[in-house]
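File shown: entry12.cif (mmCIF, C-alpha atoms).
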```
data_start
loop_
_atom_site.label_atom_id
_atom_site.label_comp_id
_atom_site.auth_asym_id
_atom_site.auth_seq_id
_atom_site.Cartn_x
_atom_site.Cartn_y
_atom_site.Cartn_z
CA ARG A 1 -32.34 16.68 16.63
CA SER A 2 -29.64 19.30 16.00
CA LEU A 3 -27.92 18.23 19.24
CA PHE A 4 -28.03 14.58 18.09
CA VAL A 5 -26.51 15.48 14.71
CA ALA A 6 -23.80 17.59 16.34
CA ARG A 7 -22.83 14.80 18.70
CA SER A 8 -22.84 12.26 15.85
CA VAL A 9 -20.58 14.45 13.71
CA MET A 10 -18.19 14.98 16.63
CA LYS A 11 -18.14 11.22 17.17
CA LEU A 12 -17.32 10.75 13.47
CA LEU A 13 -14.47 13.26 13.67
CA ALA A 14 -13.03 11.56 16.74
CA SER A 15 -13.11 8.17 15.01
CA LEU A 16 -11.48 9.64 11.90
CA LEU A 17 -8.62 10.98 13.99
CA ARG A 18 -8.23 7.63 15.73
CA SER A 19 -8.03 5.90 12.37
CA GLN A 20 -4.85 7.85 11.61
CA ARG A 21 -3.02 6.10 14.45
CA GLY A 22 -1.77 2.60 15.00
CA ARG A 23 -0.27 -0.01 12.76
CA PRO A 24 -1.43 -3.56 12.12
CA SER A 25 0.85 -6.31 13.36
CA LEU A 26 3.23 -7.84 10.86
CA SER A 27 2.53 -11.36 9.71
CA PHE A 28 3.89 -13.21 6.72
CA SER A 29 4.79 -16.68 5.61
CA LYS A 30 8.54 -16.51 6.20
CA PRO A 31 10.56 -17.61 3.16
CA ARG A 32 13.07 -20.40 3.60
CA LEU A 33 16.43 -18.68 3.75
CA HIS A 34 19.79 -20.35 3.29
CA SER A 35 23.29 -19.18 4.20
CA SER A 36 25.97 -18.52 1.62
CA SER A 37 27.73 -21.77 2.50
CA SER A 38 24.68 -23.81 1.59
CA SER A 39 23.27 -21.65 -1.20
CA THR A 40 24.36 -24.01 -3.96
CA SER A 41 22.83 -27.11 -2.43
CA SER A 42 19.62 -25.43 -1.35
CA SER A 43 18.94 -23.44 -4.50
CA ALA A 44 17.77 -26.52 -6.38
CA SER A 45 15.18 -27.41 -3.77
CA SER A 46 14.18 -23.77 -3.48
CA SER A 47 13.72 -23.53 -7.24
CA SER A 48 11.55 -26.63 -7.40
CA SER A 49 9.37 -25.51 -4.51
CA SER A 50 8.93 -22.04 -6.00
CA SER A 51 7.47 -23.29 -9.26
CA SER A 52 4.07 -23.60 -7.62
CA THR A 53 4.22 -20.12 -6.07
CA ASN A 54 6.01 -18.08 -8.79
CA ASP A 55 8.45 -16.87 -6.14
CA GLY A 56 11.58 -17.42 -8.25
CA ASN A 57 14.90 -18.84 -7.12
CA ARG A 58 14.94 -17.04 -3.76
CA GLY A 59 18.24 -15.31 -4.44
CA GLY A 60 20.21 -18.49 -5.19
CA ARG A 61 22.71 -18.57 -8.06
CA PRO A 62 20.78 -19.02 -11.33
CA ASP A 63 21.95 -21.10 -14.25
CA PRO A 64 24.48 -18.94 -16.19
CA GLU A 65 22.64 -19.66 -19.43
CA ASP A 66 19.39 -18.36 -17.94
CA MET A 67 20.84 -15.23 -16.28
CA GLN A 68 19.21 -11.89 -16.93
CA PRO A 69 21.66 -9.02 -17.55
CA TRP A 70 21.11 -7.53 -14.08
CA GLN A 71 21.86 -10.88 -12.39
CA LYS A 72 25.41 -10.90 -13.71
CA TRP A 73 26.26 -8.00 -11.42
CA ILE A 74 25.39 -9.90 -8.21
CA ASN A 75 28.07 -11.52 -6.06
CA TYR A 76 26.27 -14.73 -5.12
CA ASP A 77 29.18 -15.85 -2.92
CA SER A 78 28.83 -12.96 -0.44
CA PRO A 79 27.24 -13.88 2.91
CA TYR A 80 23.69 -12.96 3.81
CA LYS A 81 23.46 -10.45 6.66
CA ALA A 82 19.65 -10.23 6.83
CA PRO A 83 16.64 -12.06 5.35
CA ASP A 84 16.15 -9.17 2.94
CA ASP A 85 19.60 -9.70 1.41
CA GLU A 86 18.59 -12.90 -0.31
CA LEU A 87 15.30 -11.46 -1.50
CA ASN A 88 16.92 -8.26 -2.77
CA ARG A 89 19.09 -10.43 -5.03
CA MET A 90 15.85 -11.39 -6.72
CA ARG A 91 15.12 -7.64 -7.00
CA HIS A 92 12.30 -8.04 -4.51
CA TYR A 93 12.13 -4.97 -2.27
CA PHE A 94 9.79 -4.15 0.60
CA TYR A 95 8.00 -0.97 1.57
CA TYR A 96 5.60 0.38 4.15
CA ILE A 97 2.93 3.06 3.58
CA ASN A 98 1.84 4.82 6.75
CA ASN A 99 -1.51 6.45 7.49
CA THR A 100 -0.45 9.79 6.00
CA GLY A 101 0.76 8.29 2.70
CA ARG A 102 4.49 8.46 3.44
CA LEU A 103 6.52 5.68 1.80
CA PHE A 104 9.31 3.89 3.69
CA ARG A 105 11.75 1.09 2.89
CA ALA A 106 10.86 -1.83 5.18
CA ARG A 107 12.50 -4.91 6.65
CA ILE A 108 10.53 -8.07 5.95
CA ASP A 109 11.45 -9.67 9.28
CA LYS A 110 10.83 -6.69 11.58
CA GLU A 111 7.54 -4.90 12.14
CA ASP A 112 9.25 -1.59 12.94
CA GLY A 113 12.20 -2.18 10.63
CA LEU A 114 11.80 0.97 8.55
CA GLU A 115 14.95 2.22 6.85
CA GLY A 116 14.23 5.70 5.66
CA GLU A 117 11.48 7.56 3.83
CA ILE A 118 11.34 7.65 0.05
CA ARG A 119 11.01 11.31 -0.95
CA ASP A 120 11.88 11.23 -4.64
CA GLU A 121 8.71 12.33 -6.43
CA ARG A 122 9.46 10.47 -9.66
CA PHE A 123 9.97 7.21 -7.79
CA LYS A 124 6.80 7.71 -5.73
CA ASP A 125 4.65 8.38 -8.78
CA ARG A 126 6.15 5.39 -10.57
CA PHE A 127 5.55 3.23 -7.47
CA PHE A 128 1.92 4.22 -6.92
CA SER A 129 0.99 4.27 -10.62
CA GLN A 130 2.00 0.58 -10.92
CA LEU A 131 0.17 -0.75 -7.84
CA ARG A 132 -1.64 -4.07 -8.11
CA ARG A 133 -2.78 -6.86 -5.84
CA ASN A 134 -0.26 -9.53 -4.94
CA VAL A 135 -1.78 -12.69 -6.38
CA ASN A 136 1.35 -14.66 -7.33
CA TYR A 137 3.95 -14.22 -4.59
CA VAL A 138 2.17 -16.10 -1.83
CA SER A 139 5.23 -16.26 0.45
CA TYR A 140 4.78 -12.56 1.20
CA LEU A 141 1.07 -12.78 1.99
CA PRO A 142 -0.93 -11.62 3.89
CA SER A 143 1.17 -8.67 5.08
CA TYR A 144 2.41 -7.69 1.62
CA SER A 145 -0.90 -7.89 -0.20
CA PHE A 146 0.03 -5.29 -2.86
CA LEU A 147 3.05 -4.77 -5.08
CA SER A 148 4.34 -2.44 -7.76
CA ILE A 149 6.36 -3.78 -10.68
CA ASN A 150 8.85 -1.74 -12.66
CA LEU A 151 10.79 -3.77 -15.23
CA TYR A 152 12.70 -6.39 -13.15
CA ASP A 153 12.02 -4.69 -9.82
CA HIS A 154 9.21 -5.93 -7.59
CA TYR A 155 8.20 -3.54 -4.83
CA PHE A 156 6.06 -5.31 -2.21
CA CYS A 157 4.17 -3.11 0.20
CA ARG A 158 2.27 -3.30 3.45
CA PHE A 159 0.28 -0.42 4.86
CA ALA A 160 -1.42 1.02 7.91
CA VAL A 161 -4.89 1.58 6.40
CA SER A 162 -4.67 1.40 2.60
CA PRO A 163 -1.89 1.34 -0.02
CA VAL A 164 -3.39 4.56 -1.40
CA VAL A 165 -3.70 7.59 0.89
CA PHE A 166 -5.26 10.71 -0.58
CA THR A 167 -3.28 13.64 0.79
CA ASP A 168 -5.05 16.60 -0.81
CA LEU A 169 -8.45 17.53 -2.23
CA ASN A 170 -9.07 20.21 -4.86
CA PRO A 171 -12.78 21.06 -4.43
CA GLU A 172 -12.91 23.24 -7.56
CA GLN A 173 -11.47 20.59 -9.88
CA GLU A 174 -12.96 17.76 -7.79
CA GLU A 175 -9.64 15.90 -7.74
CA LEU A 176 -7.83 13.90 -5.10
CA LYS A 177 -4.03 13.71 -4.97
CA PHE A 178 -1.98 10.64 -4.03
CA GLY A 179 1.63 9.56 -4.43
CA ALA A 180 3.51 12.75 -5.27
CA THR A 181 1.55 14.30 -8.14
CA LEU A 182 -0.96 11.63 -9.19
CA LEU A 183 -4.60 12.72 -9.45
CA ALA A 184 -7.92 10.88 -9.24
CA PRO A 185 -11.46 12.21 -9.76
CA PHE A 186 -13.37 12.91 -6.55
CA THR A 187 -16.97 11.71 -6.53
CA PRO A 188 -18.36 12.28 -3.01
CA GLU A 189 -21.26 9.89 -3.57
CA ASP A 190 -18.73 7.06 -3.86
CA MET A 191 -17.22 7.67 -0.43
CA LYS A 192 -17.61 5.00 2.23
CA TYR A 193 -17.32 5.24 5.99
CA CYS A 194 -15.61 2.31 7.72
CA GLU A 195 -17.17 1.67 11.12
CA SER A 196 -14.32 -0.43 12.48
CA SER A 197 -11.48 1.96 11.57
CA GLY A 198 -13.44 5.21 11.56
CA ALA A 199 -11.89 6.18 8.22
CA LEU A 200 -13.40 7.62 5.05
CA PHE A 201 -12.56 5.68 1.90
CA HIS A 202 -12.82 6.60 -1.78
CA PRO A 203 -12.23 4.35 -4.84
CA VAL A 204 -9.43 4.94 -7.30
CA SER A 205 -8.39 3.26 -10.54
CA ILE A 206 -4.59 2.94 -10.61
CA PRO A 207 -3.31 4.65 -13.80
CA LYS A 208 -1.12 1.97 -15.40
CA THR A 209 -2.66 -1.24 -14.03
CA GLN A 210 -6.34 -0.18 -13.88
CA GLU A 211 -6.46 -1.90 -10.49
CA SER A 212 -9.45 -0.72 -8.46
CA ILE A 213 -8.45 0.13 -4.88
CA MET A 214 -10.30 1.73 -1.99
CA GLY A 215 -8.01 4.57 -0.96
CA VAL A 216 -8.31 6.31 2.40
CA LEU A 217 -8.72 10.05 2.92
CA ALA A 218 -6.01 11.58 5.09
CA SER A 219 -7.20 13.19 8.32
CA SER A 220 -6.62 16.69 6.90
CA ILE A 221 -9.15 16.02 4.12
CA ALA A 222 -11.60 14.35 6.50
CA GLU A 223 -11.46 17.31 8.86
CA SER A 224 -12.22 19.72 5.99
CA LEU A 225 -15.31 17.69 5.07
CA VAL A 226 -16.71 17.08 8.56
CA HIS A 227 -18.65 20.35 8.67
CA SER A 228 -20.52 19.21 5.51
CA ILE A 229 -21.37 15.75 6.86
CA GLY A 230 -24.67 15.08 8.60
CA VAL A 231 -26.08 12.10 10.44
CA ASP A 232 -29.78 11.33 10.83
CA GLU A 233 -31.51 9.58 13.74
CA LYS A 234 -31.02 6.19 12.06
CA GLY A 235 -27.25 6.65 11.88
CA ASN A 236 -27.15 7.24 8.12
CA TYR A 237 -24.41 9.59 6.92
CA SER A 238 -24.68 12.12 4.11
CA ILE A 239 -22.61 15.01 2.78
CA ASP A 240 -23.69 18.42 1.52
CA TRP A 241 -21.60 18.90 -1.62
CA LYS A 242 -22.14 21.91 -3.89
CA GLY A 243 -25.81 22.19 -3.08
CA ARG A 244 -26.52 18.46 -3.24
CA ARG A 245 -27.15 16.19 -0.27
CA LEU A 246 -25.44 12.89 -1.10
CA PRO A 247 -25.57 9.69 0.96
CA ILE A 248 -22.37 8.16 2.33
CA ALA A 249 -22.44 4.37 2.53
CA HIS A 250 -21.00 2.77 5.63
CA GLU A 251 -19.67 -0.72 6.19
CA LYS A 252 -18.35 -2.58 9.19
CA ASN A 253 -15.03 -3.37 7.48
CA ILE A 254 -13.55 -2.13 4.23
CA ILE A 255 -10.81 -4.05 2.43
CA PRO A 256 -8.69 -1.84 0.13
#
```

What would you get if you wrote out this structure as structure tokens?
Amino acid sequence: RSLFVARSVMKLLASLLRSQRGRPSLSFSKPRLHSSSSSTSSSASSSSSSSSTNDGNRGGRPDPEDMQPWQKWINYDSPYKAPDDELNRMRHYFYYINNTGRLFRARIDKEDGLEGEIRDERFKDRFFSQLRRNVNYVSYLPSYSFLSINLYDHYFCRFAVSPVVFTDLNPEQEELKFGATLLAPFTPEDMKYCESSGALFHPVSIPKTQESIMGVLASSIAESLVHSIGVDEKGNYSIDWKGRRLPIAHEKNIIP
């Protein structure tokens, strides 16, 4: 039996390490983009079509009487150089969260179009503390299924495993860290093992939106817990945590 458990735990560790690699393919409903020479004529049709999707005026020149203060600073006559240009004029920005929780600016039209890592801790905490599911901006689904809103700015994000990656665990305080300095309570009995990805997930309630998301434990945390995880002959996982043996639920697929 001990040999079976040892092999099962090693298999779990191998799958956890595999889950930290790879990136899902990029797919999205591509917005209709128009060049600067046709922006005036196409903005009306774009505006009418966006009323059913809440996607705004797609970067076209708004009515001067309806302009927000930030819109008055935009040169709507300048040419578009990339699909993101038009969307950025709406203050829609795009990000990618990798499997270690690092945050990158992303290009909406290129799977590997990452344009630098965001390292500012204040921005990262503001970004992750405002996360919510994307239910209104259907043009960016399914790839950008989460967004963070800060005043006029809309930060749409795609991710490798989950929009929340726990990067550190404090066993004494029983707290998980994500973003830069954000903390969430760690309750080991709420962990779930994903059979398809081989990752360990843990729920979190986002501070400012109260959105419930299944975050993923980074490989460094998973490796520190593996020695406490056991598997019985039926394939059921459990963890020995502070003298208690707690079951770990497992599912074929887990949606964040």

Name the residues that the PyMOL selection byres ((chain A and resi 135) around 10) picks from the file above, as a ChimeraX atom specification, using the file's chain letters and numbers. /A:53-54,132-134,136-138,141,145-147

In Å to one decimal, how far is CA of Pro247 in chain A from CA of Glu189 in chain A?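 Going from CA of Glu189 in chain A over to CA of Pro247 in chain A, I get 6.3 Å.
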
CA of Val164 in chain A and CA of Asp240 in chain A are how many Å apart? 24.8 Å

What residues come out when you apply the PyMOL selection byres ((chain A and resi 245) around 12) to this file, written as an NGL selection string? :A and (188-189 or 228-231 or 237-244 or 246-248)

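CA of Val161 in chain A sits 15.9 Å away from CA of Asp112 in chain A.
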